[in-house]
Protein chains: 2
Amino acid sequence: METSSESAAIAALRLFQAGARLEEKFAAGLGAVHGLSLKDALLLMHVADAEGGRLSRIELAKLLAVSPSTVTRTTAPLEKRGFLGRESHAHDARFAYVVLTKAGQRAVADAEATFTRLAADVFSDRWAAAEIETLGSLLGRLA
Amino acid sequence: METSSESAAIAALRLFQAGARLEEKFAAGLGAVHGLSLKDALLLMHVADAEGGRLSRIELAKLLAVSPSTVTRTTAPLEKRGFLGRESHAHDARFAYVVLTKAGQRAVADAEATFTRLAADVFSDRWAAAEIETLGSLLGRLA
DNA sequence: GGATGATGTTTCCATATGGAAGTAATATGG
DNA sequence: CCATATTACTTCCATATGGAAACATCATCC
């Protein structure tokens, strides 16, 4: 039990370190492409992958692990830039769904390409395909 | 190449999600114990584990993946609370090493115990010891 | 069907953060 | 040795964030 707790603590510690390191790298890479922050890109990608092509701000907040107020503040400039639009729920006027515009679809395609390239770059050194799969699978159980 | 890039992107995405989720959990758990933020606790733990029991603020900034100014701002209240002290380099007056006081050593022991308990809790469900080891090992190569 | 409670969103405020600039001390190059 | 560059640290400022409160809408209960 003790050794297991110990390795759990080590895994958590390294998760924080690796996460911070990758966030820096991805923020720099994505910012250079289309002036998108990492959170901007993740937000657009979540909307693109969403069922029906739209997400409420609450759903986005949960997916991005940020507060609802942050989603409001983040989406506003992306609407101004023409990447995002609004859509109402047919039977519930409280919802203000986030949807991608045409320009937003182009932007998210570019951002996803950059994201994938950056991810491939992270693992380009001494990583076997199976190891990347294993890491993704294990991390999936934490999210 | 394509499939490998794809799984790399998925792994990176899940790393961000898992990291954010665990940060919330750990911040709540550690805050409840001794009013320490996660970054406070990690800072103290790094100093405790450091060679010679001391670290420069620049070294701390790298270990915590934050800016030097954040280290300055973070250590100041911990000095006031009596957890941290300062030590000068014998031959270079630029260095203001961060060291633990007696109270700081007690605090970091408590924080480490809480940290380990929280980590164990995260993996308490359907995780084999070998899987935790594997995850920690793979993450170690990213940090 | 009117009061109460719950939900989605926005606004406001206090706090946290990074980067640039400033300060102090050491290293380097002539 | 003196000027310049580099390094460690701090301060200042602009921005990002979460949480509480406000607001609008919908659901529930009597």
# chains A, B, ... in the order shown; residues from 1 in each chain; ligands from 1
>>> select_by_dssp(residues="region 12-103 of chain B", states="helix (DSSP H, G or I)", output="number ranges by chain")
B: 12-34, 38-49, 51-53, 57-64, 68-80, 102-103
>>> closest_atom_pairs(of="chain B", to="chain A", cutoff="7 Å", atoms="only C-alpha atoms", output="Markdown table")
| residue | atom | partner | partner_atom | distance |
| --- | --- | --- | --- | --- |
| B:Ser4 | CA | A:Ala129 | CA | 5.9 |
| B:Ser5 | CA | A:Ala120 | CA | 4.9 |
| B:Glu6 | CA | A:Thr116 | CA | 6.6 |
| B:Ser7 | CA | A:Glu133 | CA | 6.1 |
| B:Ala8 | CA | A:Ala119 | CA | 5.3 |
| B:Ala9 | CA | A:Thr116 | CA | 5.0 |
| B:Ile10 | CA | A:Gly136 | CA | 6.3 |
| B:Ala11 | CA | A:Gly136 | CA | 4.0 |
| B:Ala12 | CA | A:Ala119 | CA | 6.3 |
| B:Arg14 | CA | A:Leu139 | CA | 5.8 |
| B:Leu15 | CA | A:Leu139 | CA | 6.2 |
| B:Phe16 | CA | A:Gly19 | CA | 6.0 |
| B:Gln17 | CA | A:Ala143 | CA | 5.7 |
| B:Ala18 | CA | A:Ala143 | CA | 4.7 |
| B:Gly19 | CA | A:Phe16 | CA | 6.0 |
| B:Ala20 | CA | A:Ala65 | CA | 6.2 |
| B:Arg21 | CA | A:Ala65 | CA | 6.8 |
| B:Ala65 | CA | A:Ala20 | CA | 6.2 |
| B:Phe115 | CA | A:Ala9 | CA | 6.8 |
| B:Thr116 | CA | A:Ala9 | CA | 5.0 |
| B:Ala119 | CA | A:Ala9 | CA | 5.1 |
| B:Ala120 | CA | A:Ser5 | CA | 4.9 |
| B:Phe123 | CA | A:Ala8 | CA | 7.0 |
| B:Ala129 | CA | A:Ser4 | CA | 5.9 |
| B:Ile132 | CA | A:Ala8 | CA | 6.2 |
| B:Glu133 | CA | A:Ser7 | CA | 6.1 |
| B:Leu135 | CA | A:Ala11 | CA | 6.4 |
| B:Gly136 | CA | A:Ala11 | CA | 4.0 |
| B:Leu138 | CA | A:Leu135 | CA | 6.7 |
| B:Leu139 | CA | A:Arg14 | CA | 5.8 |
| B:Gly140 | CA | A:Arg14 | CA | 5.9 |
| B:Leu142 | CA | A:Ala18 | CA | 5.5 |
| B:Ala143 | CA | A:Ala18 | CA | 4.7 |
>>> write_last_selection(atoms="C-alpha atoms", output="mmCIF file, in the first residue's frame")
data_model
loop_
_atom_site.group_PDB
_atom_site.id
_atom_site.type_symbol
_atom_site.label_atom_id
_atom_site.label_comp_id
_atom_site.auth_asym_id
_atom_site.auth_seq_id
_atom_site.Cartn_x
_atom_site.Cartn_y
_atom_site.Cartn_z
ATOM 1 C CA SER B 4 1.073 8.089 -34.583
ATOM 2 C CA SER B 5 0.546 11.844 -34.822
ATOM 3 C CA GLU B 6 -3.101 11.311 -34.105
ATOM 4 C CA SER B 7 -2.496 9.335 -30.939
ATOM 5 C CA ALA B 8 0.111 11.879 -29.886
ATOM 6 C CA ALA B 9 -2.499 14.612 -30.201
ATOM 7 C CA ILE B 10 -4.971 12.572 -28.195
ATOM 8 C CA ALA B 11 -2.397 11.963 -25.491
ATOM 9 C CA ALA B 12 -1.584 15.674 -25.298
ATOM 10 C CA ARG B 14 -5.905 14.126 -22.303
ATOM 11 C CA LEU B 15 -2.805 15.296 -20.508
ATOM 12 C CA PHE B 16 -4.252 18.799 -20.376
ATOM 13 C CA GLN B 17 -7.625 17.554 -19.211
ATOM 14 C CA ALA B 18 -6.239 15.215 -16.568
ATOM 15 C CA GLY B 19 -3.834 17.870 -15.340
ATOM 16 C CA ALA B 20 -6.580 20.442 -14.928
ATOM 17 C CA ARG B 21 -8.816 17.974 -13.160
ATOM 18 C CA ALA B 65 7.337 25.967 -14.466
ATOM 19 C CA PHE B 115 -0.477 15.044 -1.283
ATOM 20 C CA THR B 116 0.250 11.326 -1.165
ATOM 21 C CA ALA B 119 -2.729 10.885 -5.183
ATOM 22 C CA ALA B 120 -3.605 7.467 -3.806
ATOM 23 C CA PHE B 123 -5.854 5.972 -8.458
ATOM 24 C CA ALA B 129 0.038 -0.833 -9.184
ATOM 25 C CA ILE B 132 0.469 3.620 -11.975
ATOM 26 C CA GLU B 133 4.150 2.828 -12.280
ATOM 27 C CA LEU B 135 2.052 6.161 -16.100
ATOM 28 C CA GLY B 136 4.617 7.755 -13.811
ATOM 29 C CA LEU B 138 6.016 7.670 -19.179
ATOM 30 C CA LEU B 139 5.215 11.082 -17.718
ATOM 31 C CA GLY B 140 8.726 11.291 -16.349
ATOM 32 C CA LEU B 142 7.940 14.333 -20.716
ATOM 33 C CA ALA B 143 9.110 16.428 -17.760
#
>>> residues_around(residues="region 13-19 of chain C", least_positions_apart="2", cutoff="8 Å", atoms="only C-alpha atoms (C1' of nucleotides)", output="list in words")
Ser67, Ser69 and Thr70 of chain B; DA16 and DT17 of chain D
>>> write_last_selection(atoms="C-alpha atoms (C1' of nucleotides)", output="mmCIF file, in the first residue's frame")
data_model
loop_
_atom_site.group_PDB
_atom_site.id
_atom_site.type_symbol
_atom_site.label_atom_id
_atom_site.label_comp_id
_atom_site.auth_asym_id
_atom_site.auth_seq_id
_atom_site.Cartn_x
_atom_site.Cartn_y
_atom_site.Cartn_z
ATOM 1 C CA SER B 67 8.172 32.874 -13.851
ATOM 2 C CA SER B 69 8.393 36.943 -10.369
ATOM 3 C CA THR B 70 5.839 34.369 -9.325
ATOM 4 C "C1'" DA D 16 -6.375 36.207 -17.119
ATOM 5 C "C1'" DT D 17 -9.054 33.762 -13.814
#
>>> select_by_dssp(residues="chain A", states="strand (DSSP E)", output="VMD selection string")
chain A and resid 54 to 55 84 to 88 96 to 100
>>> interface_residues(of="chain A", to="chain D", cutoff="12 Å", atoms="only C-alpha atoms (C1' of nucleotides)", output="short mmCIF file (atom, residue, chain, number, x, y, z; two decimals) with N, CA and C atoms, in the first residue's frame")
data_model
loop_
_atom_site.label_atom_id
_atom_site.label_comp_id
_atom_site.auth_asym_id
_atom_site.auth_seq_id
_atom_site.Cartn_x
_atom_site.Cartn_y
_atom_site.Cartn_z
N SER A 37 -4.75 31.47 -28.37
CA SER A 37 -4.17 30.88 -27.17
C SER A 37 -4.49 29.39 -27.17
N LYS A 39 -6.09 27.77 -24.91
CA LYS A 39 -7.49 27.59 -24.50
C LYS A 39 -8.44 27.94 -25.64
N ALA A 65 -12.41 22.59 -18.24
CA ALA A 65 -12.05 22.69 -16.81
C ALA A 65 -11.78 24.13 -16.40
N VAL A 66 -12.66 25.03 -16.86
CA VAL A 66 -12.59 26.42 -16.43
C VAL A 66 -13.98 26.84 -15.95
N SER A 67 -14.09 28.04 -15.40
CA SER A 67 -15.36 28.52 -14.89
C SER A 67 -16.23 29.02 -16.04
N PRO A 68 -17.55 29.08 -15.84
CA PRO A 68 -18.43 29.62 -16.87
C PRO A 68 -18.07 31.05 -17.26
N SER A 69 -17.65 31.85 -16.30
CA SER A 69 -17.30 33.24 -16.63
C SER A 69 -16.12 33.28 -17.59
N THR A 70 -15.20 32.37 -17.44
CA THR A 70 -14.06 32.32 -18.36
C THR A 70 -14.51 31.97 -19.77
N VAL A 71 -15.49 31.09 -19.88
CA VAL A 71 -16.01 30.74 -21.21
C VAL A 71 -16.64 31.97 -21.86
N THR A 72 -17.44 32.69 -21.10
CA THR A 72 -18.05 33.91 -21.63
C THR A 72 -16.98 34.88 -22.13
N ARG A 73 -15.98 35.09 -21.29
CA ARG A 73 -14.93 36.04 -21.65
C ARG A 73 -14.08 35.54 -22.81
N THR A 74 -13.92 34.23 -22.93
CA THR A 74 -13.10 33.67 -24.00
C THR A 74 -13.82 33.68 -25.34
N HIS A 89 -31.56 27.55 -28.24
CA HIS A 89 -32.27 26.29 -28.09
C HIS A 89 -33.73 26.52 -28.48
N HIS A 91 -36.48 25.21 -27.49
CA HIS A 91 -37.50 25.22 -26.44
C HIS A 91 -37.00 25.75 -25.10
N ASP A 92 -35.78 26.30 -25.08
CA ASP A 92 -35.26 26.83 -23.83
C ASP A 92 -34.36 28.02 -24.12
N ALA A 93 -34.88 29.21 -23.88
CA ALA A 93 -34.19 30.44 -24.25
C ALA A 93 -32.98 30.74 -23.38
N ARG A 94 -32.76 29.91 -22.36
CA ARG A 94 -31.58 30.16 -21.52
C ARG A 94 -30.29 29.81 -22.24
N PHE A 95 -30.37 28.83 -23.12
CA PHE A 95 -29.16 28.36 -23.78
C PHE A 95 -28.71 29.31 -24.89
N ALA A 96 -27.43 29.59 -24.90
CA ALA A 96 -26.83 30.35 -25.99
C ALA A 96 -25.69 29.50 -26.53
#
>>> atom_distance(atom1="CA of His34 (chain A)", atom2="CA of Gly85 (chain A)")
18.6 Å
>>> interface_residues(of="chain C", to="chain A", cutoff="12 Å", atoms="only C-alpha atoms (C1' of nucleotides)", output="PDB file with N, CA and C atoms (P, O5', C5', C4', C3', O3' and C1' of nucleotides), in the first residue's frame")
ATOM      1  P    DT C   7     -30.054  22.406 -11.055  1.00  0.00           P
ATOM      2  O5'  DT C   7     -30.009  23.314 -12.357  1.00  0.00           O
ATOM      3  C5'  DT C   7     -30.992  23.131 -13.370  1.00  0.00           C
ATOM      4  C4'  DT C   7     -30.756  24.108 -14.498  1.00  0.00           C
ATOM      5  C3'  DT C   7     -29.280  24.286 -14.882  1.00  0.00           C
ATOM      6  O3'  DT C   7     -29.155  24.201 -16.283  1.00  0.00           O
ATOM      7  C1'  DT C   7     -30.280  26.381 -14.505  1.00  0.00           C
ATOM      8  P    DG C   8     -27.712  24.072 -17.000  1.00  0.00           P
ATOM      9  O5'  DG C   8     -27.564  25.451 -17.772  1.00  0.00           O
ATOM     10  C5'  DG C   8     -28.469  25.761 -18.822  1.00  0.00           C
ATOM     11  C4'  DG C   8     -28.223  27.163 -19.327  1.00  0.00           C
ATOM     12  C3'  DG C   8     -26.766  27.484 -19.671  1.00  0.00           C
ATOM     13  O3'  DG C   8     -26.718  28.107 -20.952  1.00  0.00           O
ATOM     14  C1'  DG C   8     -27.606  29.077 -18.133  1.00  0.00           C
ATOM     15  P    DT C   9     -25.268  28.504 -21.575  1.00  0.00           P
ATOM     16  O5'  DT C   9     -25.083  30.008 -21.120  1.00  0.00           O
ATOM     17  C5'  DT C   9     -26.041  30.973 -21.545  1.00  0.00           C
ATOM     18  C4'  DT C   9     -25.805  32.294 -20.843  1.00  0.00           C
ATOM     19  C3'  DT C   9     -24.407  32.891 -20.999  1.00  0.00           C
ATOM     20  O3'  DT C   9     -24.494  33.971 -21.913  1.00  0.00           O
ATOM     21  C1'  DT C   9     -25.308  33.198 -18.806  1.00  0.00           C
ATOM     22  P    DT C  10     -23.131  34.729 -22.312  1.00  0.00           P
ATOM     23  O5'  DT C  10     -23.089  35.914 -21.247  1.00  0.00           O
ATOM     24  C5'  DT C  10     -24.222  36.773 -21.122  1.00  0.00           C
ATOM     25  C4'  DT C  10     -24.062  37.707 -19.942  1.00  0.00           C
ATOM     26  C3'  DT C  10     -22.762  38.533 -19.929  1.00  0.00           C
ATOM     27  O3'  DT C  10     -23.094  39.911 -19.950  1.00  0.00           O
ATOM     28  C1'  DT C  10     -23.193  37.566 -17.801  1.00  0.00           C
ATOM     29  P    DT C  11     -21.903  40.988 -20.045  1.00  0.00           P
ATOM     30  O5'  DT C  11     -21.735  41.473 -18.524  1.00  0.00           O
ATOM     31  C5'  DT C  11     -22.890  41.858 -17.791  1.00  0.00           C
ATOM     32  C4'  DT C  11     -22.511  42.223 -16.361  1.00  0.00           C
ATOM     33  C3'  DT C  11     -21.241  43.070 -16.217  1.00  0.00           C
ATOM     34  O3'  DT C  11     -21.485  44.109 -15.275  1.00  0.00           O
ATOM     35  C1'  DT C  11     -21.057  41.144 -14.889  1.00  0.00           C
ATOM     36  P    DC C  12     -20.391  45.228 -15.015  1.00  0.00           P
ATOM     37  O5'  DC C  12     -19.829  44.862 -13.564  1.00  0.00           O
ATOM     38  C5'  DC C  12     -20.743  44.577 -12.504  1.00  0.00           C
ATOM     39  C4'  DC C  12     -19.971  44.181 -11.251  1.00  0.00           C
ATOM     40  C3'  DC C  12     -18.670  44.959 -11.022  1.00  0.00           C
ATOM     41  O3'  DC C  12     -18.567  45.315  -9.641  1.00  0.00           O
ATOM     42  C1'  DC C  12     -18.225  42.640 -11.092  1.00  0.00           C
ATOM     43  P    DG C  18       3.489  32.417 -14.397  1.00  0.00           P
ATOM     44  O5'  DG C  18       3.721  33.422 -15.605  1.00  0.00           O
ATOM     45  C5'  DG C  18       2.824  33.420 -16.688  1.00  0.00           C
ATOM     46  C4'  DG C  18       3.146  34.558 -17.636  1.00  0.00           C
ATOM     47  C3'  DG C  18       4.620  34.674 -17.999  1.00  0.00           C
ATOM     48  O3'  DG C  18       4.710  35.003 -19.384  1.00  0.00           O
ATOM     49  C1'  DG C  18       3.894  36.670 -16.935  1.00  0.00           C
TER      50       DG C  18
END
